[in-house]
Amino acid sequence: MTTFILIVSGAMMFALLERQSLKEAQNVSHHILVPVFQSITCRTAGFNTVDIGSLHDATLVMMIFLMFFGASPGSCGGGVKTTTLALLSVFTVSRIRQMPRVNMFKKSIPQETLTRSVSLVLVSIVIIGVVVFMLLMGGSSADSGAGESARAFLEYSFETVSAFGTVGLSMGVTPNLSVWGKSWIILMMIIGRVGILTFSYIIVGSGNVSGVEYSEENLMIG
């Protein structure tokens with residue numbers, strides 16, 4: 001259901017944001033197939049029928065979101081899964097409605113699954129932010145103006161999330177990156193394919209289970 005919603009909403013947003021360029025096509029099927037194809041390809045398909053670098057900034061941001069929550073569990077795609085997006089959405093609605101448990105399709109979700117989902121998204125955002133910072137700090141190669149471009153942040157963010165989700169889409173910036181930048185992109189592809197939680201266990205270990213519990217203390221949030 002989440003995949004269906006993402007594909008339909010992504011296609012509609014693409015058709016709306018790129019309506020000017022789509023009007024140039026005489027074929028009516030072009031107006032339907034191009035938005036649908038570009039929405040589906042963000043699920044780690046890796047093919048594109050339009051020039052990604054020529055798309056509007058708003059379209060690129062929408063595609064970054066689709067790539068971040070692209071694949072579903074059990075697939076070959078990397079990054080954060082569609083079930084995590086669905087779980088966090090239901091979790092947010094449940095907290096707003098002050099419901100004690102998170103329920104989906106007449107089933108209650110374990111608290112451990114919720115905490116792992118939140119941790120997965122937070123760690124993913126932090127890692128992506130660090131890699132984008134490293135790319136901006138390292139810049140691009142001498143014969144590329146991407147580092148000086150006003151769209152540099154968006155370009156590097158797109159390449160990073162695409163590598164994290166093992167999507168394969170590119171704005172054409174990666175070939176012009178320095179060895180420093182390409183190394184970070186390679187690392188992101190490895191992390192995205194292995195998985196954030198698995199990669200974290202490899203680096204820091206699973207940790208020792210402690211039987212000590214401390215007293216609770218409330219904090220002001222929001």
# chains A, B, ... in the order shown; residues from 1 in each chain; ligands from 1
>>> select_by_dssp(residues="stretch 9-181 of chain A", states="helix (DSSP H, G or I)", output="ChimeraX atom specification")
/A:9-17,19-23,28-41,52-54,57-68,82-96,111-138,146-148,152-164,174-176,179-181
>>> write_last_selection(atoms="C-alpha atoms", output="CSV table (one decimal), in the first residue's frame")
chain,number,residue,atom,x,y,z
A,9,SER,CA,1.7,10.6,-5.5
A,10,GLY,CA,5.2,10.8,-7.0
A,11,ALA,CA,3.9,10.6,-10.5
A,12,MET,CA,1.3,13.3,-9.8
A,13,MET,CA,3.9,15.6,-8.3
A,14,PHE,CA,6.3,15.1,-11.2
A,15,ALA,CA,3.5,15.8,-13.7
A,16,LEU,CA,2.6,19.0,-11.8
A,17,LEU,CA,6.1,20.3,-11.3
A,19,ARG,CA,4.1,20.4,-16.6
A,20,GLN,CA,5.9,23.0,-18.8
A,21,SER,CA,8.4,20.5,-20.2
A,22,LEU,CA,5.7,17.8,-20.6
A,23,LYS,CA,3.5,20.2,-22.7
A,28,VAL,CA,-0.6,12.1,-25.0
A,29,SER,CA,0.9,8.9,-23.5
A,30,HIS,CA,4.1,10.8,-22.9
A,31,HIS,CA,2.3,12.9,-20.3
A,32,ILE,CA,1.4,9.8,-18.4
A,33,LEU,CA,4.3,7.4,-18.9
A,34,VAL,CA,7.1,9.8,-18.1
A,35,PRO,CA,5.8,10.8,-14.7
A,36,VAL,CA,4.9,7.3,-13.8
A,37,PHE,CA,8.3,5.9,-15.0
A,38,GLN,CA,10.3,8.5,-13.1
A,39,SER,CA,8.3,7.8,-9.9
A,40,ILE,CA,8.9,4.1,-10.2
A,41,THR,CA,12.5,4.5,-11.0
A,52,ILE,CA,17.8,14.5,-14.3
A,53,GLY,CA,20.1,17.6,-14.2
A,54,SER,CA,17.6,19.7,-16.1
A,57,ASP,CA,14.7,22.0,-7.9
A,58,ALA,CA,11.4,21.1,-6.4
A,59,THR,CA,11.2,18.0,-8.5
A,60,LEU,CA,14.7,16.9,-7.4
A,61,VAL,CA,13.8,17.4,-3.7
A,62,MET,CA,10.7,15.2,-4.3
A,63,MET,CA,12.8,12.6,-5.9
A,64,ILE,CA,15.3,12.7,-3.0
A,65,PHE,CA,12.4,11.9,-0.7
A,66,LEU,CA,11.2,9.0,-2.9
A,67,MET,CA,14.8,7.6,-3.1
A,68,PHE,CA,15.2,7.8,0.7
A,82,THR,CA,8.7,1.7,2.7
A,83,THR,CA,7.5,-0.2,5.8
A,84,THR,CA,9.5,2.2,8.0
A,85,LEU,CA,7.8,5.2,6.4
A,86,ALA,CA,4.4,3.6,7.0
A,87,LEU,CA,5.2,2.7,10.6
A,88,LEU,CA,6.5,6.2,11.4
A,89,SER,CA,3.4,7.8,9.8
A,90,VAL,CA,1.1,5.6,11.8
A,91,PHE,CA,3.2,6.2,14.9
A,92,THR,CA,3.0,10.0,14.5
A,93,VAL,CA,-0.8,9.9,14.1
A,94,SER,CA,-1.1,7.6,17.1
A,95,ARG,CA,0.8,10.0,19.3
A,96,ILE,CA,-1.2,13.0,18.1
A,111,GLN,CA,7.6,-1.1,21.0
A,112,GLU,CA,11.0,-2.4,20.0
A,113,THR,CA,10.1,-2.2,16.3
A,114,LEU,CA,9.0,1.4,16.7
A,115,THR,CA,12.3,2.4,18.5
A,116,ARG,CA,14.4,0.6,15.8
A,117,SER,CA,12.5,2.5,13.1
A,118,VAL,CA,13.0,5.8,14.7
A,119,SER,CA,16.7,5.1,15.2
A,120,LEU,CA,17.1,3.9,11.6
A,121,VAL,CA,15.7,7.1,10.2
A,122,LEU,CA,17.7,9.3,12.5
A,123,VAL,CA,21.0,7.5,11.9
A,124,SER,CA,20.3,7.6,8.1
A,125,ILE,CA,19.7,11.3,8.1
A,126,VAL,CA,22.9,11.9,10.2
A,127,ILE,CA,25.1,9.8,7.9
A,128,ILE,CA,23.7,11.4,4.8
A,129,GLY,CA,24.3,14.9,6.3
A,130,VAL,CA,27.9,14.0,7.1
A,131,VAL,CA,28.6,12.7,3.6
A,132,VAL,CA,27.1,15.7,2.0
A,133,PHE,CA,29.2,17.9,4.2
A,134,MET,CA,32.3,16.0,3.3
A,135,LEU,CA,31.5,16.3,-0.4
A,136,LEU,CA,31.0,20.1,-0.1
A,137,MET,CA,34.2,20.4,1.9
A,138,GLY,CA,36.2,18.3,-0.7
A,146,ALA,CA,29.7,21.8,-9.5
A,147,GLY,CA,31.5,22.9,-6.4
A,148,GLU,CA,31.0,26.6,-7.3
A,152,ALA,CA,26.0,22.3,-5.4
A,153,PHE,CA,24.2,21.4,-2.2
A,154,LEU,CA,21.2,20.0,-4.1
A,155,GLU,CA,23.4,18.1,-6.5
A,156,TYR,CA,25.5,16.5,-3.8
A,157,SER,CA,22.5,15.7,-1.7
A,158,PHE,CA,20.9,14.0,-4.7
A,159,GLU,CA,24.0,11.9,-5.5
A,160,THR,CA,24.4,10.9,-1.8
A,161,VAL,CA,20.8,9.8,-1.3
A,162,SER,CA,20.9,8.0,-4.7
A,163,ALA,CA,24.0,6.1,-3.5
A,164,PHE,CA,22.4,5.4,-0.1
A,174,THR,CA,29.6,11.9,-9.7
A,175,PRO,CA,32.0,11.5,-12.7
A,176,ASN,CA,33.4,15.0,-11.9
A,179,VAL,CA,38.9,10.9,-5.4
A,180,TRP,CA,37.8,12.2,-2.0
A,181,GLY,CA,34.2,12.6,-3.1
>>> atom_distance(atom1="atom CA of A:Ser75", atom2="atom CA of A:Thr44")
9.6 Å
>>> decode(residues="stretch 42-97 of chain A", atoms="C-alpha atoms", output="PDB file, in the first residue's frame")
ATOM      1  CA  CYS A  42      13.100   6.117  -7.642  1.00  0.00           C
ATOM      2  CA  ARG A  43      12.396   2.677  -6.161  1.00  0.00           C
ATOM      3  CA  THR A  44      16.009   1.764  -7.087  1.00  0.00           C
ATOM      4  CA  ALA A  45      15.330   0.990 -10.763  1.00  0.00           C
ATOM      5  CA  GLY A  46      18.204   3.231 -11.866  1.00  0.00           C
ATOM      6  CA  PHE A  47      16.876   4.138 -15.318  1.00  0.00           C
ATOM      7  CA  ASN A  48      15.720   7.568 -16.450  1.00  0.00           C
ATOM      8  CA  THR A  49      13.917   8.794 -19.555  1.00  0.00           C
ATOM      9  CA  VAL A  50      14.577  12.490 -18.891  1.00  0.00           C
ATOM     10  CA  ASP A  51      17.683  14.522 -18.135  1.00  0.00           C
ATOM     11  CA  ILE A  52      17.823  14.516 -14.329  1.00  0.00           C
ATOM     12  CA  GLY A  53      20.097  17.570 -14.235  1.00  0.00           C
ATOM     13  CA  SER A  54      17.553  19.672 -16.140  1.00  0.00           C
ATOM     14  CA  LEU A  55      14.676  19.082 -13.717  1.00  0.00           C
ATOM     15  CA  HIS A  56      13.379  21.784 -11.395  1.00  0.00           C
ATOM     16  CA  ASP A  57      14.739  22.000  -7.865  1.00  0.00           C
ATOM     17  CA  ALA A  58      11.359  21.104  -6.355  1.00  0.00           C
ATOM     18  CA  THR A  59      11.206  17.967  -8.523  1.00  0.00           C
ATOM     19  CA  LEU A  60      14.682  16.925  -7.407  1.00  0.00           C
ATOM     20  CA  VAL A  61      13.773  17.380  -3.740  1.00  0.00           C
ATOM     21  CA  MET A  62      10.676  15.230  -4.267  1.00  0.00           C
ATOM     22  CA  MET A  63      12.801  12.551  -5.934  1.00  0.00           C
ATOM     23  CA  ILE A  64      15.274  12.661  -3.032  1.00  0.00           C
ATOM     24  CA  PHE A  65      12.401  11.868  -0.680  1.00  0.00           C
ATOM     25  CA  LEU A  66      11.240   8.991  -2.895  1.00  0.00           C
ATOM     26  CA  MET A  67      14.778   7.582  -3.093  1.00  0.00           C
ATOM     27  CA  PHE A  68      15.232   7.813   0.679  1.00  0.00           C
ATOM     28  CA  PHE A  69      12.074   5.728   1.253  1.00  0.00           C
ATOM     29  CA  GLY A  70      12.428   3.770  -1.964  1.00  0.00           C
ATOM     30  CA  ALA A  71      12.597   0.015  -1.661  1.00  0.00           C
ATOM     31  CA  SER A  72      10.573  -2.485   0.333  1.00  0.00           C
ATOM     32  CA  PRO A  73      11.879  -5.217   2.668  1.00  0.00           C
ATOM     33  CA  GLY A  74      13.146  -8.291   0.875  1.00  0.00           C
ATOM     34  CA  SER A  75      14.128  -6.368  -2.252  1.00  0.00           C
ATOM     35  CA  CYS A  76      17.615  -5.610  -3.566  1.00  0.00           C
ATOM     36  CA  GLY A  77      17.174  -1.899  -2.811  1.00  0.00           C
ATOM     37  CA  GLY A  78      19.037  -0.154  -0.045  1.00  0.00           C
ATOM     38  CA  GLY A  79      18.342   2.717   2.307  1.00  0.00           C
ATOM     39  CA  VAL A  80      15.265   3.111   4.472  1.00  0.00           C
ATOM     40  CA  LYS A  81      12.326   0.871   3.580  1.00  0.00           C
ATOM     41  CA  THR A  82       8.734   1.734   2.746  1.00  0.00           C
ATOM     42  CA  THR A  83       7.481  -0.151   5.803  1.00  0.00           C
ATOM     43  CA  THR A  84       9.525   2.181   8.003  1.00  0.00           C
ATOM     44  CA  LEU A  85       7.811   5.188   6.435  1.00  0.00           C
ATOM     45  CA  ALA A  86       4.400   3.600   6.969  1.00  0.00           C
ATOM     46  CA  LEU A  87       5.223   2.706  10.558  1.00  0.00           C
ATOM     47  CA  LEU A  88       6.486   6.182  11.422  1.00  0.00           C
ATOM     48  CA  SER A  89       3.444   7.780   9.803  1.00  0.00           C
ATOM     49  CA  VAL A  90       1.055   5.641  11.830  1.00  0.00           C
ATOM     50  CA  PHE A  91       3.193   6.176  14.934  1.00  0.00           C
ATOM     51  CA  THR A  92       2.967   9.964  14.535  1.00  0.00           C
ATOM     52  CA  VAL A  93      -0.803   9.856  14.081  1.00  0.00           C
ATOM     53  CA  SER A  94      -1.145   7.596  17.123  1.00  0.00           C
ATOM     54  CA  ARG A  95       0.842   9.995  19.306  1.00  0.00           C
ATOM     55  CA  ILE A  96      -1.200  12.985  18.101  1.00  0.00           C
ATOM     56  CA  ARG A  97      -4.395  11.099  18.932  1.00  0.00           C
TER      57      ARG A  97
END
